[in-house]
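S.K.: Handing over input_25.cif, mmCIF, C-alpha atoms.
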```cif
data_structure
loop_
_atom_site.group_PDB
_atom_site.id
_atom_site.type_symbol
_atom_site.label_atom_id
_atom_site.label_comp_id
_atom_site.auth_asym_id
_atom_site.auth_seq_id
_atom_site.Cartn_x
_atom_site.Cartn_y
_atom_site.Cartn_z
ATOM 1 C CA MET U 3 -1.750 -172.896 -64.250
ATOM 2 C CA ASP U 4 1.119 -173.011 -66.729
ATOM 3 C CA ALA U 5 4.048 -170.720 -66.083
ATOM 4 C CA ILE U 6 4.406 -167.798 -68.439
ATOM 5 C CA PRO U 7 7.590 -168.252 -70.497
ATOM 6 C CA ALA U 8 10.246 -165.618 -70.014
ATOM 7 C CA LEU U 9 10.517 -162.983 -72.688
ATOM 8 C CA ASP U 10 13.487 -163.198 -74.988
ATOM 9 C CA THR U 11 16.239 -160.728 -74.144
ATOM 10 C CA TYR U 12 16.821 -158.726 -77.275
ATOM 11 C CA GLN U 13 19.373 -156.034 -78.078
ATOM 12 C CA LEU U 14 19.300 -153.842 -81.175
ATOM 13 C CA SER U 15 22.756 -155.184 -82.039
ATOM 14 C CA ASP U 16 21.254 -158.696 -82.244
ATOM 15 C CA ARG U 17 20.087 -157.898 -85.772
ATOM 16 C CA TYR U 18 23.711 -158.454 -86.784
ATOM 17 C CA ASP U 19 25.124 -160.505 -83.909
ATOM 18 C CA ARG U 20 22.664 -163.370 -83.565
ATOM 19 C CA GLU U 21 23.331 -166.483 -85.594
ATOM 20 C CA ASP U 22 20.087 -168.298 -84.754
ATOM 21 C CA GLY U 23 16.624 -167.455 -83.530
ATOM 22 C CA ARG U 24 14.600 -164.472 -84.666
ATOM 23 C CA VAL U 25 15.712 -160.920 -85.421
ATOM 24 C CA PHE U 26 14.053 -157.800 -86.777
ATOM 25 C CA LEU U 27 15.571 -156.384 -89.958
ATOM 26 C CA THR U 28 14.744 -153.682 -92.418
ATOM 27 C CA GLY U 29 15.540 -154.463 -96.041
ATOM 28 C CA THR U 30 18.546 -152.147 -95.857
ATOM 29 C CA GLN U 31 19.848 -153.897 -92.739
ATOM 30 C CA ALA U 32 19.339 -157.283 -94.391
ATOM 31 C CA ILE U 33 21.590 -156.244 -97.289
ATOM 32 C CA VAL U 34 24.249 -155.181 -94.784
ATOM 33 C CA ARG U 35 23.845 -158.457 -92.913
ATOM 34 C CA VAL U 36 24.467 -160.395 -96.164
ATOM 35 C CA LEU U 37 28.066 -159.140 -95.977
ATOM 36 C CA LEU U 38 28.452 -159.951 -92.274
ATOM 37 C CA ASP U 39 27.033 -163.444 -92.778
ATOM 38 C CA GLN U 40 29.434 -164.109 -95.657
ATOM 39 C CA ALA U 41 32.358 -163.137 -93.439
ATOM 40 C CA ARG U 42 31.048 -165.512 -90.769
ATOM 41 C CA ARG U 43 30.643 -168.380 -93.226
ATOM 42 C CA ASP U 44 34.125 -167.933 -94.619
ATOM 43 C CA ARG U 45 35.672 -167.916 -91.135
ATOM 44 C CA ALA U 46 33.799 -171.106 -90.273
ATOM 45 C CA ALA U 47 35.113 -172.684 -93.492
ATOM 46 C CA GLY U 48 38.686 -171.713 -92.622
ATOM 47 C CA LEU U 49 38.961 -169.140 -95.422
ATOM 48 C CA GLY U 50 41.003 -165.996 -94.927
ATOM 49 C CA THR U 51 38.832 -163.625 -96.961
ATOM 50 C CA ALA U 52 37.901 -159.966 -96.691
ATOM 51 C CA GLY U 53 34.872 -157.989 -97.855
ATOM 52 C CA PHE U 54 34.423 -154.849 -99.927
ATOM 53 C CA VAL U 55 31.347 -152.723 -100.574
ATOM 54 C CA SER U 56 31.013 -149.632 -102.735
ATOM 55 C CA GLY U 57 28.187 -147.779 -104.419
ATOM 56 C CA TYR U 58 26.247 -144.556 -104.638
ATOM 57 C CA ARG U 59 23.191 -143.695 -102.596
ATOM 58 C CA GLY U 60 19.778 -143.225 -104.123
ATOM 59 C CA SER U 61 16.234 -144.182 -103.182
ATOM 60 C CA PRO U 62 15.266 -146.916 -102.442
ATOM 61 C CA LEU U 63 18.873 -147.642 -101.349
ATOM 62 C CA ALA U 64 19.435 -144.214 -99.807
ATOM 63 C CA GLY U 65 20.157 -145.598 -96.329
ATOM 64 C CA ILE U 66 22.802 -148.226 -97.045
ATOM 65 C CA ASP U 67 25.777 -145.894 -96.646
ATOM 66 C CA LEU U 68 24.337 -144.494 -93.407
ATOM 67 C CA GLU U 69 23.976 -147.991 -91.980
ATOM 68 C CA LEU U 70 27.474 -148.986 -93.070
ATOM 69 C CA TRP U 71 28.964 -145.863 -91.485
ATOM 70 C CA ARG U 72 27.017 -146.581 -88.298
ATOM 71 C CA ILE U 73 28.603 -150.026 -87.871
ATOM 72 C CA GLN U 74 32.130 -149.145 -89.000
ATOM 73 C CA ALA U 75 33.687 -150.860 -85.964
ATOM 74 C CA ARG U 76 31.799 -154.068 -86.749
ATOM 75 C CA LEU U 77 32.848 -153.944 -90.406
ATOM 76 C CA LYS U 78 36.489 -153.465 -89.430
ATOM 77 C CA ALA U 79 36.343 -156.463 -87.096
ATOM 78 C CA ASP U 80 35.045 -158.577 -89.986
ATOM 79 C CA ARG U 81 37.624 -157.158 -92.433
ATOM 80 C CA ILE U 82 34.975 -155.497 -94.594
ATOM 81 C CA GLU U 83 35.989 -152.251 -96.298
ATOM 82 C CA PHE U 84 33.347 -149.660 -97.161
ATOM 83 C CA LEU U 85 34.269 -147.186 -99.902
ATOM 84 C CA PRO U 86 31.483 -144.682 -100.650
ATOM 85 C CA ALA U 87 31.977 -143.720 -104.282
ATOM 86 C CA VAL U 88 31.700 -140.404 -106.107
ATOM 87 C CA ASN U 89 29.484 -142.176 -108.646
ATOM 88 C CA GLU U 90 28.273 -145.648 -109.569
ATOM 89 C CA ASP U 91 30.849 -146.129 -112.341
ATOM 90 C CA LEU U 92 33.820 -145.646 -110.000
ATOM 91 C CA ALA U 93 32.184 -147.968 -107.477
ATOM 92 C CA ALA U 94 31.857 -150.730 -110.100
ATOM 93 C CA THR U 95 35.470 -150.217 -111.204
ATOM 94 C CA ALA U 96 36.641 -150.504 -107.589
ATOM 95 C CA VAL U 97 34.651 -153.728 -107.192
ATOM 96 C CA LEU U 98 36.305 -155.074 -110.342
ATOM 97 C CA GLY U 99 39.682 -154.351 -108.788
ATOM 98 C CA SER U 100 38.737 -156.335 -105.685
ATOM 99 C CA GLN U 101 38.421 -159.493 -107.786
ATOM 100 C CA GLN U 102 42.056 -159.203 -108.922
ATOM 101 C CA VAL U 103 43.364 -160.065 -105.444
ATOM 102 C CA GLU U 104 43.672 -163.795 -106.058
ATOM 103 C CA THR U 105 45.959 -163.181 -109.057
ATOM 104 C CA GLN U 106 48.454 -161.175 -106.965
ATOM 105 C CA PRO U 107 51.450 -163.024 -105.460
ATOM 106 C CA ASP U 108 51.715 -160.562 -102.552
ATOM 107 C CA ARG U 109 48.046 -160.797 -101.513
ATOM 108 C CA ARG U 110 47.236 -160.771 -97.803
ATOM 109 C CA VAL U 111 43.847 -162.525 -98.088
ATOM 110 C CA GLN U 112 42.575 -165.497 -100.079
ATOM 111 C CA GLY U 113 39.886 -163.488 -101.792
ATOM 112 C CA VAL U 114 37.517 -160.525 -101.477
ATOM 113 C CA PHE U 115 33.723 -160.872 -101.617
ATOM 114 C CA SER U 116 32.247 -157.624 -102.873
ATOM 115 C CA LEU U 117 28.926 -155.817 -103.103
ATOM 116 C CA TRP U 118 27.987 -152.952 -105.443
ATOM 117 C CA TYR U 119 24.829 -150.936 -104.843
ATOM 118 C CA GLY U 120 22.970 -148.248 -106.756
ATOM 119 C CA LYS U 121 19.438 -147.300 -107.743
ATOM 120 C CA GLY U 122 18.045 -148.239 -111.147
ATOM 121 C CA PRO U 123 19.206 -145.114 -113.036
ATOM 122 C CA GLY U 124 22.658 -145.723 -111.551
ATOM 123 C CA VAL U 125 22.618 -149.216 -113.043
ATOM 124 C CA ASP U 126 21.807 -147.642 -116.412
ATOM 125 C CA ARG U 127 24.575 -145.049 -116.307
ATOM 126 C CA SER U 128 27.155 -147.625 -115.137
ATOM 127 C CA GLY U 129 26.352 -150.188 -117.821
ATOM 128 C CA ASP U 130 29.826 -150.147 -119.354
ATOM 129 C CA ALA U 131 31.598 -150.607 -116.009
ATOM 130 C CA LEU U 132 29.233 -153.348 -114.829
ATOM 131 C CA LYS U 133 29.279 -155.145 -118.178
ATOM 132 C CA HIS U 134 33.080 -155.136 -118.215
ATOM 133 C CA GLY U 135 33.188 -156.265 -114.583
ATOM 134 C CA ASN U 136 31.049 -159.279 -115.399
ATOM 135 C CA ALA U 137 33.137 -159.988 -118.518
ATOM 136 C CA TYR U 138 36.367 -159.977 -116.506
ATOM 137 C CA GLY U 139 34.651 -162.074 -113.846
ATOM 138 C CA SER U 140 34.747 -162.804 -110.150
ATOM 139 C CA SER U 141 37.369 -164.778 -108.244
ATOM 140 C CA PRO U 142 36.946 -168.276 -106.745
ATOM 141 C CA HIS U 143 37.092 -167.070 -103.123
ATOM 142 C CA GLY U 144 35.578 -163.647 -103.812
ATOM 143 C CA GLY U 145 32.321 -163.154 -105.657
ATOM 144 C CA VAL U 146 30.250 -160.076 -106.522
ATOM 145 C CA LEU U 147 26.654 -159.111 -105.802
ATOM 146 C CA VAL U 148 25.266 -156.191 -107.825
ATOM 147 C CA VAL U 149 22.376 -154.763 -105.794
ATOM 148 C CA ALA U 150 19.969 -152.637 -107.826
ATOM 149 C CA GLY U 151 17.394 -150.518 -106.040
ATOM 150 C CA ASP U 152 14.399 -150.691 -108.366
ATOM 151 C CA ASP U 153 11.523 -148.238 -108.007
ATOM 152 C CA HIS U 154 8.841 -149.917 -110.126
ATOM 153 C CA GLY U 155 6.157 -147.551 -108.885
ATOM 154 C CA CYS U 156 8.173 -144.421 -109.671
ATOM 155 C CA VAL U 157 7.670 -143.232 -106.081
ATOM 156 C CA SER U 158 10.941 -141.299 -105.839
ATOM 157 C CA SER U 159 12.303 -141.419 -109.380
ATOM 158 C CA SER U 160 11.899 -139.568 -112.662
ATOM 159 C CA MET U 161 10.601 -142.761 -114.284
ATOM 160 C CA PRO U 162 10.031 -146.420 -113.353
ATOM 161 C CA HIS U 163 13.050 -148.672 -113.754
ATOM 162 C CA GLN U 164 13.573 -152.430 -113.984
ATOM 163 C CA SER U 165 17.226 -153.420 -113.754
ATOM 164 C CA ASP U 166 16.802 -157.134 -114.396
ATOM 165 C CA VAL U 167 16.443 -156.403 -118.118
ATOM 166 C CA ALA U 168 19.848 -154.683 -118.094
ATOM 167 C CA PHE U 169 21.355 -157.574 -116.121
ATOM 168 C CA MET U 170 20.109 -160.023 -118.733
ATOM 169 C CA THR U 171 21.686 -157.903 -121.474
ATOM 170 C CA TRP U 172 25.058 -158.168 -119.712
ATOM 171 C CA PHE U 173 24.608 -161.948 -119.180
ATOM 172 C CA MET U 174 24.390 -161.579 -115.407
ATOM 173 C CA PRO U 175 22.395 -164.161 -113.450
ATOM 174 C CA THR U 176 19.628 -162.273 -111.649
ATOM 175 C CA LEU U 177 18.083 -162.883 -108.229
ATOM 176 C CA HIS U 178 14.785 -161.318 -107.149
ATOM 177 C CA PRO U 179 14.048 -161.982 -103.456
ATOM 178 C CA SER U 180 10.427 -161.460 -102.473
ATOM 179 C CA SER U 181 10.858 -160.740 -98.742
ATOM 180 C CA VAL U 182 13.337 -159.323 -96.254
ATOM 181 C CA GLY U 183 14.111 -162.858 -95.068
ATOM 182 C CA GLU U 184 14.894 -163.945 -98.612
ATOM 183 C CA TYR U 185 17.545 -161.224 -98.833
ATOM 184 C CA LEU U 186 19.694 -163.338 -96.510
ATOM 185 C CA GLU U 187 18.970 -166.577 -98.351
ATOM 186 C CA PHE U 188 19.442 -165.174 -101.841
ATOM 187 C CA GLY U 189 22.545 -163.278 -100.735
ATOM 188 C CA GLU U 190 24.162 -166.507 -99.558
ATOM 189 C CA TYR U 191 23.191 -168.235 -102.790
ATOM 190 C CA GLY U 192 24.372 -165.272 -104.853
ATOM 191 C CA TYR U 193 27.905 -165.427 -103.474
ATOM 192 C CA ALA U 194 28.036 -169.201 -103.897
ATOM 193 C CA LEU U 195 26.838 -168.798 -107.500
ATOM 194 C CA SER U 196 29.326 -166.026 -108.249
ATOM 195 C CA ARG U 197 32.231 -168.034 -106.857
ATOM 196 C CA PHE U 198 31.276 -171.120 -108.797
ATOM 197 C CA SER U 199 30.484 -169.495 -112.135
ATOM 198 C CA GLY U 200 32.874 -166.549 -112.214
ATOM 199 C CA MET U 201 29.895 -164.265 -112.935
ATOM 200 C CA TRP U 202 28.766 -161.118 -111.215
ATOM 201 C CA VAL U 203 25.249 -161.727 -109.870
ATOM 202 C CA GLY U 204 22.433 -159.173 -110.100
ATOM 203 C CA PHE U 205 20.273 -158.718 -107.017
ATOM 204 C CA LYS U 206 16.971 -156.801 -107.330
ATOM 205 C CA ALA U 207 15.918 -154.764 -104.304
ATOM 206 C CA ILE U 208 12.522 -153.243 -105.044
ATOM 207 C CA SER U 209 11.093 -150.375 -102.983
ATOM 208 C CA GLU U 210 8.285 -152.411 -101.438
ATOM 209 C CA ILE U 211 10.765 -154.783 -99.765
ATOM 210 C CA VAL U 212 13.999 -152.897 -99.175
ATOM 211 C CA GLU U 213 12.112 -150.044 -97.509
ATOM 212 C CA SER U 214 10.108 -152.417 -95.299
ATOM 213 C CA GLY U 215 10.945 -154.345 -92.128
ATOM 214 C CA ALA U 216 10.160 -157.820 -90.840
ATOM 215 C CA SER U 217 10.921 -160.368 -88.148
ATOM 216 C CA VAL U 218 13.189 -162.956 -89.725
ATOM 217 C CA GLU U 219 13.843 -166.490 -88.521
ATOM 218 C CA LEU U 220 17.552 -167.102 -89.017
ATOM 219 C CA ARG U 221 18.583 -170.323 -90.702
ATOM 220 C CA GLY U 222 21.885 -172.136 -90.631
ATOM 221 C CA PRO U 223 24.339 -172.077 -93.537
ATOM 222 C CA ARG U 224 23.050 -173.923 -96.574
ATOM 223 C CA ALA U 225 24.839 -176.612 -98.576
ATOM 224 C CA PHE U 226 24.428 -175.957 -102.289
ATOM 225 C CA ILE U 227 24.616 -178.802 -104.779
ATOM 226 C CA ARG U 228 27.380 -178.022 -107.261
ATOM 227 C CA PRO U 229 26.634 -178.975 -110.872
ATOM 228 C CA ASP U 230 28.630 -181.773 -112.462
ATOM 229 C CA PHE U 231 30.698 -179.451 -114.604
ATOM 230 C CA SER U 232 34.244 -179.476 -115.913
ATOM 231 C CA ALA U 233 35.604 -175.979 -116.462
ATOM 232 C CA PRO U 234 37.415 -175.227 -119.737
ATOM 233 C CA PRO U 235 41.192 -174.606 -119.739
ATOM 234 C CA GLY U 236 41.923 -171.469 -117.764
ATOM 235 C CA GLY U 237 38.690 -171.729 -115.795
ATOM 236 C CA LEU U 238 35.773 -169.318 -115.621
ATOM 237 C CA HIS U 239 37.145 -166.755 -113.200
ATOM 238 C CA TYR U 240 39.076 -163.526 -113.350
ATOM 239 C CA ARG U 241 42.583 -163.900 -114.761
ATOM 240 C CA TRP U 242 45.196 -161.334 -115.808
ATOM 241 C CA PRO U 243 46.678 -161.276 -118.288
ATOM 242 C CA ARG U 244 45.129 -163.887 -120.557
ATOM 243 C CA PRO U 245 47.392 -166.792 -121.547
ATOM 244 C CA ASP U 246 47.957 -165.155 -124.953
ATOM 245 C CA GLY U 247 49.158 -161.967 -123.271
ATOM 246 C CA SER U 248 46.024 -160.014 -124.151
ATOM 247 C CA THR U 249 44.435 -157.707 -121.580
ATOM 248 C CA THR U 250 40.957 -157.682 -123.103
ATOM 249 C CA ALA U 251 37.952 -158.719 -121.041
ATOM 250 C CA CYS U 252 37.355 -162.183 -122.404
ATOM 251 C CA ARG U 253 36.928 -165.436 -120.514
ATOM 252 C CA ALA U 254 35.850 -168.904 -121.530
ATOM 253 C CA ARG U 255 32.143 -169.546 -121.013
#
```
How does this structure look as structure tokens?

M.R.:
Amino acid sequence: MDAIPALDTYQLSDRYDREDGRVFLTGTQAIVRVLLDQARRDRAAGLGTAGFVSGYRGSPLAGIDLELWRIQARLKADRIEFLPAVNEDLAATAVLGSQQVETQPDRRVQGVFSLWYGKGPGVDRSGDALKHGNAYGSSPHGGVLVVAGDDHGCVSSSMPHQSDVAFMTWFMPTLHPSSVGEYLEFGEYGYALSRFSGMWVGFKAISEIVESGASVELRGPRAFIRPDFSAPPGGLHYRWPRPDGSTTACRAR
């Protein structure tokens, strides 16, 4: 008779601590883990970066701030700053400021990877701040994910909302993961895309996924193929001021 294999020893903290194997994550926890994984990847690559996250709660993203507060010690250890904002506009403006770090001679880190979050109506009301953030751009060792909680079924909202249309209007690349596991994969890709292109990257989190949970098989860091592309003079990323002395939000595309 074959021996019964021993059960895996599993702690609740493994959802964030494990780097291989299987973990259980809610959609909200997966979004939080995207930040922790980016910190891990940067350390492994020898980069001295920090993280920043700011936004405003609202269903289906009503639990993100609670989860971030719950793991404050873990965030501090990974040099990730959580700033709960008074509204979505101020959160987006703070995220924009995080991408200025690489232009400062007295900076203490190489760059800051940032995450903004808000429900669909918050995306609408913050259009000017998000549009300007994308126009100014991300930094080469930073990057920005703009996580929109979309309630297509109007379960907890005054009307259905679909933020990808707004993202397209602001010329933001848009990612739409279809499972909790894909949150981790698309989050990794989103930061790589933002760092390469200088764009802020939209990330749709619909109710059916972000409010669900699943067992996720963790995968190792991915190697993305960089396009054969020569950037124009001045590059594609945040810079201040422009070479002509102007402070308007305009970059080469």

S.K.: Check what the PyMOL selection byres ((chain U and resi 155-170) around 10) selects in the file above and give those residues as a PyMOL selection string.

M.R.: chain U and resi 60-62+121-126+129+132-133+136+148-154+171-178+202-210

S.K.: Of the candidates U:Arg24, U:Arg59, U:His239, U:Arg72, which shows the shortest atom-to-atom distance to U:Gly144, using only C-alpha atoms?

M.R.: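 Residue with the minimum atom-to-atom distance to U:Gly144: U:His239.
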
S.K.: Tell me, in Å to one decimal, how far atom CA of U:Glu219 is from atom CA of U:Gly57.

M.R.: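 Here the two named atoms are 28.4 Å from each other.
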
S.K.: Which is closer to U:Asp22 than all the others in U:Gln112, U:Leu220, U:Phe188, U:Ser100, using only C-alpha atoms?

M.R.: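 Closest candidate: U:Leu220.
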
S.K.: With distances taken over all atoms listed in the file, which residue among U:Gln101, U:Pro179, U:Ser56, U:Asp80 lies nearest U:Tyr119?

M.R.: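 Of U:Gln101, U:Pro179, U:Ser56, U:Asp80, the one nearest U:Tyr119 is U:Ser56, counting all atoms listed in the file.
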
S.K.: Taking the file above as input, evaluate the PyMOL selection byres ((chain U and resi 39-54) around 6) and report the hits as an NGL selection string.

M.R.: :U and (35-38 or 55 or 81-84 or 111-116)

S.K.: I need the residue set behind the PyMOL selection byres ((chain U and resi 26) around 8) for this file; please write it as a compact mmCIF listing (two decimals) with C-alpha atoms, in the coordinates of the input.

M.R.:
```
# COMPACT_ATOMS: atom_id res chain seq x y z
CA ARG U 17 20.09 -157.90 -85.77
CA ARG U 24 14.60 -164.47 -84.67
CA VAL U 25 15.71 -160.92 -85.42
CA LEU U 27 15.57 -156.38 -89.96
CA THR U 28 14.74 -153.68 -92.42
CA GLY U 215 10.94 -154.34 -92.13
CA ALA U 216 10.16 -157.82 -90.84
CA SER U 217 10.92 -160.37 -88.15
CA VAL U 218 13.19 -162.96 -89.72
```

S.K.: For atom CA of U:Asp16 and atom CA of U:Asp4, quote the distance in Å rounded to one decimal.

M.R.: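 A separation of 29.2 Å between them.
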
S.K.: For a test of reading the model, state the distance in Å between atom CA of U:Glu69 and atom CA of U:Asn89, rounded to one decimal.

M.R.: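 It comes out at 18.5 Å.
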
S.K.: Under the rule that all atoms listed in the file are counted, which of U:Ile33, U:Ala75, U:Ala93, U:Leu238 is the nearest residue to U:Ser141?

M.R.: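 Among U:Ile33, U:Ala75, U:Ala93, U:Leu238, it is U:Leu238 that comes nearest to U:Ser141.
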
S.K.: Need to verify the contact set: U:Ala225, 12 Å, all atoms listed in the file, exclusion of same-chain residues closer than 2 positions in sequence. Can you return it as a PyMOL selection string?

M.R.: chain U and resi 43+187+190-191+194+221-223+227-228

S.K.: Determine the nearest neighbour of U:Trp71 from the options U:Ala233, U:Met201, U:Leu85, U:Val212, counting all atoms listed in the file.

M.R.: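 For U:Trp71, the nearest of the candidates is U:Leu85.
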
S.K.: Give the answer as one residue: which of U:Leu63, U:Ala131, U:Ala5, U:Leu70 has the shortest atom-to-atom distance to U:Leu92, using all atoms listed in the file?

M.R.: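 Smallest separation from U:Leu92 among the options: U:Ala131.
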
S.K.: I'd like the neighbourhood of U:His134 as a PyMOL selection string, where a residue qualifies if any of its atoms comes within 12 Å (using all atoms listed in the file), though same-chain residues fewer than 5 positions away should be ignored.

M.R.: chain U and resi 91+94-95+97-99+128-129+139-140+172-174+201-202+240+250-253
